file my_file.cif (mmCIF, C-alpha atoms)
data_input
#
loop_
_atom_site.group_PDB
_atom_site.id
_atom_site.type_symbol
_atom_site.label_atom_id
_atom_site.label_comp_id
_atom_site.auth_asym_id
_atom_site.auth_seq_id
_atom_site.Cartn_x
_atom_site.Cartn_y
_atom_site.Cartn_z
ATOM 1 C CA MET A 177 1.733 5.137 -40.386
ATOM 2 C CA ASP A 178 -0.356 7.416 -38.160
ATOM 3 C CA THR A 179 0.104 6.191 -34.600
ATOM 4 C CA GLU A 180 -3.543 7.118 -33.948
ATOM 5 C CA LEU A 181 -4.487 4.189 -36.173
ATOM 6 C CA ALA A 182 -2.248 1.853 -34.184
ATOM 7 C CA ARG A 183 -3.676 3.144 -30.885
ATOM 8 C CA THR A 184 -7.201 2.555 -32.136
ATOM 9 C CA PHE A 185 -6.287 -0.965 -33.250
ATOM 10 C CA LEU A 186 -4.810 -1.711 -29.813
ATOM 11 C CA THR A 187 -7.895 -0.380 -28.059
ATOM 12 C CA VAL A 188 -10.242 -2.554 -30.132
ATOM 13 C CA ALA A 189 -7.995 -5.558 -29.471
ATOM 14 C CA ALA A 190 -8.031 -4.814 -25.734
ATOM 15 C CA THR A 191 -11.779 -4.194 -25.366
ATOM 16 C CA GLY A 192 -12.966 -6.807 -27.842
ATOM 17 C CA ASN A 193 -15.458 -4.609 -29.676
ATOM 18 C CA PHE A 194 -15.778 -1.321 -31.545
ATOM 19 C CA VAL A 195 -18.397 0.196 -29.224
ATOM 20 C CA ALA A 196 -16.263 -0.156 -26.091
ATOM 21 C CA ALA A 197 -13.206 1.079 -27.993
ATOM 22 C CA ALA A 198 -15.094 4.184 -29.107
ATOM 23 C CA SER A 199 -16.123 4.888 -25.514
ATOM 24 C CA ARG A 200 -12.570 4.417 -24.278
ATOM 25 C CA LEU A 201 -11.152 6.715 -26.973
ATOM 26 C CA HIS A 202 -13.955 9.291 -26.632
ATOM 27 C CA VAL A 203 -14.834 9.124 -30.329
ATOM 28 C CA THR A 204 -17.796 7.760 -32.297
ATOM 29 C CA GLN A 205 -18.070 4.133 -33.348
ATOM 30 C CA SER A 206 -17.987 5.220 -36.982
ATOM 31 C CA THR A 207 -14.640 6.932 -36.355
ATOM 32 C CA VAL A 208 -13.220 3.713 -34.922
ATOM 33 C CA SER A 209 -14.565 1.738 -37.890
ATOM 34 C CA ALA A 210 -13.073 4.235 -40.349
ATOM 35 C CA ARG A 211 -9.654 4.092 -38.675
ATOM 36 C CA ILE A 212 -9.599 0.297 -38.681
ATOM 37 C CA HIS A 213 -10.733 0.256 -42.317
ATOM 38 C CA THR A 214 -7.919 2.673 -43.232
ATOM 39 C CA LEU A 215 -5.410 0.515 -41.385
ATOM 40 C CA GLU A 216 -6.622 -2.680 -43.047
ATOM 41 C CA THR A 217 -6.404 -0.989 -46.455
ATOM 42 C CA MET A 218 -2.851 0.180 -45.758
ATOM 43 C CA LEU A 219 -1.767 -3.293 -44.623
ATOM 44 C CA GLY A 220 -3.763 -5.162 -47.225
ATOM 45 C CA ALA A 221 -5.169 -7.564 -44.652
ATOM 46 C CA ARG A 222 -8.252 -8.083 -42.503
ATOM 47 C CA LEU A 223 -7.362 -7.438 -38.855
ATOM 48 C CA PHE A 224 -10.652 -8.227 -37.085
ATOM 49 C CA GLN A 225 -13.373 -10.786 -37.538
ATOM 50 C CA ARG A 226 -16.634 -9.074 -36.603
ATOM 51 C CA GLY A 227 -19.367 -11.102 -34.969
ATOM 52 C CA ARG A 228 -22.369 -10.779 -32.668
ATOM 53 C CA ASN A 229 -20.174 -11.301 -29.619
ATOM 54 C CA GLY A 230 -17.587 -8.695 -30.568
ATOM 55 C CA SER A 231 -14.482 -8.423 -32.704
ATOM 56 C CA ASP A 232 -11.756 -11.064 -32.595
ATOM 57 C CA LEU A 233 -8.278 -10.694 -34.035
ATOM 58 C CA THR A 234 -7.674 -12.538 -37.274
ATOM 59 C CA PRO A 235 -4.335 -14.345 -37.768
ATOM 60 C CA SER A 236 -3.105 -11.196 -39.534
ATOM 61 C CA GLY A 237 -4.373 -9.084 -36.652
ATOM 62 C CA LYS A 238 -2.503 -11.223 -34.141
ATOM 63 C CA ARG A 239 0.698 -10.785 -36.112
ATOM 64 C CA PHE A 240 0.193 -7.024 -36.330
ATOM 65 C CA LEU A 241 -0.478 -6.753 -32.585
ATOM 66 C CA ARG A 242 3.209 -6.954 -31.678
ATOM 67 C CA HIS A 243 4.164 -4.413 -34.340
ATOM 68 C CA ALA A 244 1.453 -1.975 -33.230
ATOM 69 C CA LYS A 245 2.726 -2.086 -29.665
ATOM 70 C CA HIS A 246 6.283 -1.487 -30.787
ATOM 71 C CA LEU A 247 5.182 1.355 -33.040
ATOM 72 C CA VAL A 248 3.320 3.229 -30.318
ATOM 73 C CA ARG A 249 6.003 2.497 -27.731
ATOM 74 C CA THR A 250 8.772 3.710 -30.044
ATOM 75 C CA VAL A 251 6.981 6.990 -30.715
ATOM 76 C CA GLU A 252 6.296 7.442 -26.998
ATOM 77 C CA GLN A 253 9.909 6.665 -26.137
ATOM 78 C CA ALA A 254 11.101 9.163 -28.733
ATOM 79 C CA ARG A 255 8.847 11.828 -27.248
ATOM 80 C CA HIS A 256 10.160 11.121 -23.759
ATOM 81 C CA ASP A 257 13.795 10.996 -24.859
ATOM 82 C CA VAL A 258 13.598 14.308 -26.691
ATOM 83 C CA GLY A 259 12.089 15.953 -23.631
ATOM 84 C CA LEU A 260 14.512 14.452 -21.108
ATOM 85 C CA PRO A 261 16.070 16.989 -18.736
ATOM 86 C CA GLU A 262 19.809 17.478 -19.072
ATOM 87 C CA GLY A 263 21.794 14.907 -17.116
ATOM 88 C CA PHE A 264 19.115 12.215 -17.265
ATOM 89 C CA ARG A 265 19.524 9.073 -19.364
ATOM 90 C CA ASP A 266 16.038 7.580 -19.278
ATOM 91 C CA VAL A 267 12.431 8.134 -18.258
ATOM 92 C CA LEU A 268 9.934 5.752 -16.672
ATOM 93 C CA THR A 269 6.184 6.146 -16.174
ATOM 94 C CA LEU A 270 4.342 4.419 -13.328
ATOM 95 C CA SER A 271 0.588 4.622 -12.864
ATOM 96 C CA GLY A 272 -1.152 3.196 -9.800
ATOM 97 C CA ARG A 273 -4.348 3.184 -7.798
ATOM 98 C CA ILE A 274 -4.505 5.993 -5.260
ATOM 99 C CA ALA A 275 -4.618 3.513 -2.348
ATOM 100 C CA VAL A 276 -1.177 2.111 -3.209
ATOM 101 C CA TRP A 277 0.195 5.643 -3.378
ATOM 102 C CA GLU A 278 -0.579 5.851 0.337
ATOM 103 C CA GLY A 279 2.510 4.583 2.138
ATOM 104 C CA PHE A 280 3.825 2.164 -0.507
ATOM 105 C CA LEU A 281 4.630 3.736 -3.866
ATOM 106 C CA PRO A 282 6.224 6.866 -2.334
ATOM 107 C CA HIS A 283 8.808 4.504 -0.802
ATOM 108 C CA TRP A 284 9.456 3.153 -4.285
ATOM 109 C CA VAL A 285 9.933 6.681 -5.626
ATOM 110 C CA ALA A 286 12.520 7.341 -2.910
ATOM 111 C CA TRP A 287 14.172 4.000 -3.713
ATOM 112 C CA MET A 288 14.362 4.898 -7.407
ATOM 113 C CA ARG A 289 15.791 8.345 -6.720
ATOM 114 C CA GLU A 290 18.607 6.723 -4.778
ATOM 115 C CA ALA A 291 19.177 3.668 -6.988
ATOM 116 C CA SER A 292 18.775 5.460 -10.343
ATOM 117 C CA PRO A 293 19.184 9.210 -9.828
ATOM 118 C CA ASP A 294 19.614 9.733 -13.582
ATOM 119 C CA VAL A 295 16.173 8.343 -14.418
ATOM 120 C CA SER A 296 13.308 10.818 -14.772
ATOM 121 C CA LEU A 297 10.024 9.580 -13.270
ATOM 122 C CA ARG A 298 6.499 10.319 -14.402
ATOM 123 C CA LEU A 299 4.009 9.409 -11.674
ATOM 124 C CA GLU A 300 0.277 9.010 -12.236
ATOM 125 C CA ILE A 301 -2.895 8.016 -10.390
ATOM 126 C CA GLY A 302 -5.344 5.930 -12.373
ATOM 127 C CA PHE A 303 -8.005 3.243 -12.403
ATOM 128 C CA GLU A 304 -7.548 -0.208 -13.867
ATOM 129 C CA PRO A 305 -9.065 0.399 -17.345
ATOM 130 C CA ASP A 306 -6.990 3.523 -17.958
ATOM 131 C CA ILE A 307 -3.813 1.988 -16.539
ATOM 132 C CA MET A 308 -4.228 -1.133 -18.670
ATOM 133 C CA GLN A 309 -4.874 1.011 -21.743
ATOM 134 C CA GLY A 310 -1.681 2.973 -21.065
ATOM 135 C CA LEU A 311 0.266 -0.273 -20.760
ATOM 136 C CA ILE A 312 -1.172 -1.556 -24.026
ATOM 137 C CA GLU A 313 -0.335 1.676 -25.836
ATOM 138 C CA GLY A 314 3.102 1.957 -24.279
ATOM 139 C CA THR A 315 2.442 5.264 -22.506
ATOM 140 C CA VAL A 316 2.733 3.519 -19.112
ATOM 141 C CA ASP A 317 5.719 1.342 -18.211
ATOM 142 C CA ILE A 318 4.456 -0.104 -14.916
ATOM 143 C CA GLY A 319 0.922 -0.311 -13.570
ATOM 144 C CA VAL A 320 0.156 -1.079 -9.915
ATOM 145 C CA MET A 321 -3.454 -2.053 -9.281
ATOM 146 C CA TYR A 322 -5.874 -4.441 -7.587
ATOM 147 C CA THR A 323 -7.890 -5.983 -10.435
ATOM 148 C CA PRO A 324 -5.739 -6.266 -13.562
ATOM 149 C CA THR A 325 -6.935 -8.021 -16.685
ATOM 150 C CA SER A 326 -4.873 -10.448 -18.723
ATOM 151 C CA ARG A 327 -3.685 -8.980 -22.007
ATOM 152 C CA PRO A 328 -1.273 -10.367 -24.634
ATOM 153 C CA GLY A 329 2.260 -9.111 -24.144
ATOM 154 C CA LEU A 330 1.744 -7.998 -20.538
ATOM 155 C CA VAL A 331 2.952 -9.697 -17.361
ATOM 156 C CA VAL A 332 0.726 -9.644 -14.267
ATOM 157 C CA GLU A 333 2.787 -10.271 -11.127
ATOM 158 C CA PRO A 334 1.495 -10.305 -7.517
ATOM 159 C CA LEU A 335 3.106 -7.732 -5.233
ATOM 160 C CA PHE A 336 1.513 -8.070 -1.784
ATOM 161 C CA ASP A 337 -1.810 -8.701 -0.082
ATOM 162 C CA GLU A 338 -3.750 -5.892 1.520
ATOM 163 C CA THR A 339 -5.751 -6.551 4.684
ATOM 164 C CA LEU A 340 -9.139 -4.843 4.480
ATOM 165 C CA VAL A 341 -10.540 -3.973 7.915
ATOM 166 C CA LEU A 342 -13.870 -2.493 8.955
ATOM 167 C CA ALA A 343 -13.164 0.927 10.464
ATOM 168 C CA SER A 344 -15.672 3.208 12.182
ATOM 169 C CA SER A 345 -15.613 6.800 13.373
ATOM 170 C CA ASP A 346 -17.532 5.795 16.524
ATOM 171 C CA LEU A 347 -18.057 2.282 17.871
ATOM 172 C CA ALA A 348 -21.346 3.405 19.393
ATOM 173 C CA ARG A 349 -22.754 3.502 15.865
ATOM 174 C CA GLY A 350 -23.078 -0.273 15.984
ATOM 175 C CA TRP A 351 -23.239 -2.618 13.031
ATOM 176 C CA PRO A 352 -24.859 -2.735 10.523
ATOM 177 C CA ASP A 353 -24.240 0.984 10.303
ATOM 178 C CA PRO A 354 -26.634 3.201 8.324
ATOM 179 C CA GLY A 355 -23.625 5.453 7.685
ATOM 180 C CA TYR A 356 -21.630 2.656 6.049
ATOM 181 C CA ILE A 357 -19.784 3.765 2.900
ATOM 182 C CA HIS A 358 -19.097 0.952 0.461
ATOM 183 C CA ILE A 359 -15.798 1.200 -1.378
ATOM 184 C CA ASP A 360 -15.614 -0.574 -4.732
ATOM 185 C CA TRP A 361 -12.522 -2.713 -4.235
ATOM 186 C CA GLY A 362 -13.490 -5.010 -7.099
ATOM 187 C CA ALA A 363 -15.562 -8.137 -7.695
ATOM 188 C CA GLU A 364 -13.567 -10.342 -5.299
ATOM 189 C CA PHE A 365 -14.161 -7.999 -2.367
ATOM 190 C CA GLN A 366 -17.821 -7.662 -3.288
ATOM 191 C CA ALA A 367 -18.237 -11.439 -3.183
ATOM 192 C CA GLN A 368 -16.466 -11.733 0.184
ATOM 193 C CA PHE A 369 -18.478 -8.865 1.654
ATOM 194 C CA SER A 370 -21.802 -10.331 0.507
ATOM 195 C CA ASP A 371 -20.942 -13.761 1.938
ATOM 196 C CA HIS A 372 -19.965 -12.405 5.363
ATOM 197 C CA HIS A 373 -22.535 -9.612 5.648
ATOM 198 C CA PRO A 374 -25.781 -10.922 4.125
ATOM 199 C CA GLU A 375 -27.727 -8.834 6.646
ATOM 200 C CA VAL A 376 -26.434 -5.535 5.264
ATOM 201 C CA PRO A 377 -28.885 -3.901 2.824
ATOM 202 C CA THR A 378 -27.709 -2.545 -0.507
ATOM 203 C CA PRO A 379 -25.374 0.346 0.343
ATOM 204 C CA THR A 380 -26.715 3.786 -0.477
ATOM 205 C CA LEU A 381 -23.306 5.442 -0.271
ATOM 206 C CA VAL A 382 -20.676 4.045 -2.648
ATOM 207 C CA ALA A 383 -17.241 5.373 -3.605
ATOM 208 C CA ASN A 384 -14.599 4.099 -5.999
ATOM 209 C CA ILE A 385 -11.650 5.578 -4.081
ATOM 210 C CA GLY A 386 -10.668 4.456 -0.586
ATOM 211 C CA TRP A 387 -9.097 7.816 0.230
ATOM 212 C CA LEU A 388 -12.434 9.520 -0.480
ATOM 213 C CA GLY A 389 -14.172 7.148 1.921
ATOM 214 C CA VAL A 390 -11.654 7.813 4.687
ATOM 215 C CA GLN A 391 -12.079 11.579 4.299
ATOM 216 C CA HIS A 392 -15.856 11.173 4.520
ATOM 217 C CA LEU A 393 -15.569 9.165 7.743
ATOM 218 C CA LEU A 394 -13.247 11.717 9.322
ATOM 219 C CA ALA A 395 -15.482 14.645 8.378
ATOM 220 C CA TYR A 396 -18.994 13.241 8.763
ATOM 221 C CA GLY A 397 -18.713 9.884 10.510
ATOM 222 C CA GLY A 398 -19.624 6.399 9.396
ATOM 223 C CA SER A 399 -17.811 3.156 8.679
ATOM 224 C CA GLY A 400 -16.225 1.319 5.799
ATOM 225 C CA TYR A 401 -13.716 -1.318 4.697
ATOM 226 C CA PHE A 402 -10.231 0.021 4.037
ATOM 227 C CA PRO A 403 -6.703 -1.360 3.693
ATOM 228 C CA LEU A 404 -5.113 -1.444 7.137
ATOM 229 C CA ARG A 405 -2.143 0.360 5.615
ATOM 230 C CA LEU A 406 -4.428 3.229 4.615
ATOM 231 C CA VAL A 407 -6.097 3.759 8.005
ATOM 232 C CA ARG A 408 -3.354 2.646 10.411
ATOM 233 C CA ARG A 409 -2.364 6.178 11.458
ATOM 234 C CA TYR A 410 -5.986 7.150 12.103
ATOM 235 C CA LEU A 411 -6.503 4.043 14.222
ATOM 236 C CA GLU A 412 -3.365 4.773 16.228
ATOM 237 C CA ALA A 413 -4.451 8.393 16.722
ATOM 238 C CA GLY A 414 -7.902 7.380 17.973
ATOM 239 C CA LEU A 415 -9.697 9.071 15.078
ATOM 240 C CA LEU A 416 -11.052 5.781 13.757
ATOM 241 C CA TRP A 417 -11.747 2.431 15.405
ATOM 242 C CA ARG A 418 -11.825 -1.153 14.217
ATOM 243 C CA VAL A 419 -15.279 -2.693 14.565
ATOM 244 C CA PRO A 420 -14.929 -5.652 17.003
ATOM 245 C CA ASP A 421 -15.471 -9.181 15.671
ATOM 246 C CA SER A 422 -15.720 -7.963 12.085
ATOM 247 C CA PRO A 423 -14.137 -10.182 9.416
ATOM 248 C CA GLU A 424 -11.017 -9.126 7.559
ATOM 249 C CA PHE A 425 -10.751 -9.509 3.799
ATOM 250 C CA LYS A 426 -7.777 -9.980 1.508
ATOM 251 C CA LEU A 427 -7.134 -7.718 -1.456
ATOM 252 C CA SER A 428 -4.157 -8.522 -3.678
ATOM 253 C CA ALA A 429 -2.068 -5.775 -5.269
ATOM 254 C CA TYR A 430 -0.345 -6.518 -8.590
ATOM 255 C CA MET A 431 2.183 -4.894 -10.867
ATOM 256 C CA VAL A 432 1.746 -5.136 -14.636
ATOM 257 C CA PHE A 433 4.475 -4.496 -17.196
ATOM 258 C CA PRO A 434 5.480 -5.371 -20.792
ATOM 259 C CA HIS A 435 6.737 -8.914 -21.295
ATOM 260 C CA ASP A 436 9.154 -8.188 -24.116
ATOM 261 C CA SER A 437 10.915 -5.104 -22.745
ATOM 262 C CA ASP A 438 14.716 -5.258 -22.554
ATOM 263 C CA SER A 439 15.016 -1.962 -20.673
ATOM 264 C CA ASN A 440 17.466 -2.098 -17.790
ATOM 265 C CA THR A 441 15.657 0.858 -16.251
ATOM 266 C CA LEU A 442 12.410 -1.104 -16.181
ATOM 267 C CA LYS A 443 14.105 -4.200 -14.774
ATOM 268 C CA GLY A 444 15.665 -2.169 -11.966
ATOM 269 C CA ALA A 445 12.348 -0.471 -11.166
ATOM 270 C CA LEU A 446 10.591 -3.841 -10.975
ATOM 271 C CA ASP A 447 13.285 -5.212 -8.665
ATOM 272 C CA GLY A 448 12.721 -2.221 -6.393
ATOM 273 C CA LEU A 449 8.983 -2.864 -6.264
ATOM 274 C CA ARG A 450 9.569 -6.533 -5.467
ATOM 275 C CA ALA A 451 11.969 -5.687 -2.625
ATOM 276 C CA LEU A 452 9.580 -3.167 -1.091
ATOM 277 C CA ALA A 453 6.662 -5.595 -1.482
ATOM 278 C CA ARG A 454 8.593 -8.215 0.488
ATOM 279 C CA GLU A 455 9.173 -5.655 3.243
ATOM 280 C CA GLU A 456 5.460 -4.820 3.201
ATOM 281 C CA GLN A 457 4.554 -8.486 3.592
ATOM 282 C CA GLU A 458 7.019 -8.905 6.444
ATOM 283 C CA THR A 459 5.600 -5.882 8.239
ATOM 284 C CA ARG A 460 2.091 -7.282 7.787
ATOM 285 C CA SER A 461 3.033 -10.697 9.179
ATOM 286 C CA ASN A 462 4.504 -9.094 12.300
ATOM 287 C CA GLU A 463 1.336 -7.153 13.139
#
call {"tool": "encode", "arguments": {"input": "my_file.cif", "output": "structure tokens"}}
result
Amino acid sequence: MDTELARTFLTVAATGNFVAAASRLHVTQSTVSARIHTLETMLGARLFQRGRNGSDLTPSGKRFLRHAKHLVRTVEQARHDVGLPEGFRDVLTLSGRIAVWEGFLPHWVAWMREASPDVSLRLEIGFEPDIMQGLIEGTVDIGVMYTPTSRPGLVVEPLFDETLVLASSDLARGWPDPGYIHIDWGAEFQAQFSDHHPEVPTPTLVANIGWLGVQHLLAYGGSGYFPLRLVRRYLEAGLLWRVPDSPEFKLSAYMVFPHDSDSNTLKGALDGLRALAREEQETRSNE
């Protein structure tokens, strides 16, 4: 079976409709429909029930879901194993939001290099949709993100809570600040921000990466909400300042991984993330 068919099936199952799957795969909707039709013909069963609200898995589709994941994961594992450097026994891919690569995930990389020096690591930066898609397809072993979505066969486990603080390049700018840059930290942050700052007009400067917002503040001035972990060194150096009496917001970081994996490498990597997350929480509680 062509793994491209299995990947397409998994994408439709994850997104819930053919249009979104086509967008995610960068192909036309007719291509997605043709692939699913080919797959259904090969299997001799209807995999999706099409309706006005999207495409739901049929009982046959639900049974094939597990096999499709194993198929894609097996092919991916074979590709990794064949390309393993000499002296290494396994490979592991972790993809995470850029904000958690600042100060947290590099510690995990160092931990892995010491705990499992014979494991090759593939490290990626991604956004939630792409990370989740990689997990579904088996091209990503662990995803670390802020707003995961629940998917069959995947475990979503809390890691630690970020503290979002309002930082400014100059306290004389006041608040509300016309130079405020709004970082898209997800729907939960948006709701908290709107409740606490109803006086702030719709932001005209929006970014989807916290690091980008910090660089803008340092270069051109302004203010924005960032994880304390991300801006701590700039606050300590006097390059940024916390806006007095501004509310703090919580942003939870999660790790997502396959439920049915029996890989000892994966289990060890997850234990390392849990240990470092506990240290992160302890550091936060002492501040």
call {"tool": "closest_residue", "arguments": {"input": "my_file.cif", "among": "A:Gly319, A:Gly237, A:Gly448, A:Gly400", "to": "Ile212 of chain A", "atoms": "all atoms listed in the file"}}
result
A:Gly237
call {"tool": "resolve_selection", "arguments": {"input": "my_file.cif", "expression": "the PyMOL selection byres ((chain A and resi 296) around 6)", "output": "ChimeraX atom specification"}}
result
/A:267,295,297
call {"tool": "resolve_selection", "arguments": {"input": "my_file.cif", "expression": "the PyMOL selection byres ((chain A and resi 301) around 8)", "output": "list of chain:residue names"}}
result
A:Ser271, A:Gly272, A:Arg273, A:Ile274, A:Leu299, A:Glu300, A:Gly302, A:Phe303
call {"tool": "residues_near_point", "arguments": {"input": "my_file.cif", "point": "(4.3, 0.0, -15.0)", "cutoff": "9 Å", "atoms": "only C-alpha atoms", "output": "ChimeraX atom specification"}}
result
/A:268-272,307,311,316-320,431-434,442,445-446
call {"tool": "write_last_selection", "arguments": {"input": "my_file.cif", "atoms": "C-alpha atoms", "output": "mmCIF file, keeping the file's coordinate frame"}}
result
data_model
loop_
_atom_site.group_PDB
_atom_site.id
_atom_site.type_symbol
_atom_site.label_atom_id
_atom_site.label_comp_id
_atom_site.auth_asym_id
_atom_site.auth_seq_id
_atom_site.Cartn_x
_atom_site.Cartn_y
_atom_site.Cartn_z
ATOM 1 C CA LEU A 268 9.934 5.752 -16.672
ATOM 2 C CA THR A 269 6.184 6.146 -16.174
ATOM 3 C CA LEU A 270 4.342 4.419 -13.328
ATOM 4 C CA SER A 271 0.588 4.622 -12.864
ATOM 5 C CA GLY A 272 -1.152 3.196 -9.800
ATOM 6 C CA ILE A 307 -3.813 1.988 -16.539
ATOM 7 C CA LEU A 311 0.266 -0.273 -20.760
ATOM 8 C CA VAL A 316 2.733 3.519 -19.112
ATOM 9 C CA ASP A 317 5.719 1.342 -18.211
ATOM 10 C CA ILE A 318 4.456 -0.104 -14.916
ATOM 11 C CA GLY A 319 0.922 -0.311 -13.570
ATOM 12 C CA VAL A 320 0.156 -1.079 -9.915
ATOM 13 C CA MET A 431 2.183 -4.894 -10.867
ATOM 14 C CA VAL A 432 1.746 -5.136 -14.636
ATOM 15 C CA PHE A 433 4.475 -4.496 -17.196
ATOM 16 C CA PRO A 434 5.480 -5.371 -20.792
ATOM 17 C CA LEU A 442 12.410 -1.104 -16.181
ATOM 18 C CA ALA A 445 12.348 -0.471 -11.166
ATOM 19 C CA LEU A 446 10.591 -3.841 -10.975
#
call {"tool": "residues_around", "arguments": {"input": "my_file.cif", "residues": "Asp232 of chain A", "least_positions_apart": "6", "cutoff": "12 Å", "atoms": "all atoms listed in the file", "output": "ChimeraX atom specification"}}
result
/A:185-186,188-194,222-226,238
call {"tool": "closest_residue", "arguments": {"input": "my_file.cif", "among": "A:Gly279, A:Tyr401, A:Pro293, A:Arg242", "to": "Asp266 of chain A", "atoms": "all atoms listed in the file"}}
result
A:Pro293
call {"tool": "resolve_selection", "arguments": {"input": "my_file.cif", "expression": "the PyMOL selection byres ((chain A and resi 418) around 6)", "output": "PyMOL selection string"}}
result
chain A and resi 342-343+417+419
call {"tool": "atom_distance", "arguments": {"input": "my_file.cif", "atom1": "atom CA of Val251 of chain A", "atom2": "atom CA of Thr187 of chain A"}}
result
16.8 Å
call {"tool": "atom_distance", "arguments": {"input": "my_file.cif", "atom1": "atom CA of Gly389 of chain A", "atom2": "atom CA of Trp277 of chain A"}}
result
15.4 Å
call {"tool": "atom_distance", "arguments": {"input": "my_file.cif", "atom1": "atom CA of Val376 of chain A", "atom2": "atom CA of Leu388 of chain A"}}
result
21.3 Å
call {"tool": "closest_residue", "arguments": {"input": "my_file.cif", "among": "A:Gly397, A:Pro379, A:Pro328, A:Gly220", "to": "Pro352 of chain A", "atoms": "all atoms listed in the file"}}
result
A:Pro379
call {"tool": "residues_around", "arguments": {"input": "my_file.cif", "residues": "Arg450 of chain A", "least_positions_apart": "2", "cutoff": "10 Å", "atoms": "only C-alpha atoms", "output": "list in words"}}
result
Trp284, Glu333, Pro334, Leu335, Phe336, Met431, Gly444, Ala445, Leu446, Asp447, Gly448, Leu452, Ala453, Arg454, Glu455 and Glu456 of chain A
call {"tool": "closest_residue", "arguments": {"input": "my_file.cif", "among": "A:Asp371, A:Ser206, A:Arg408, A:Leu449", "to": "Pro282 of chain A", "atoms": "all atoms listed in the file"}}
result
A:Leu449
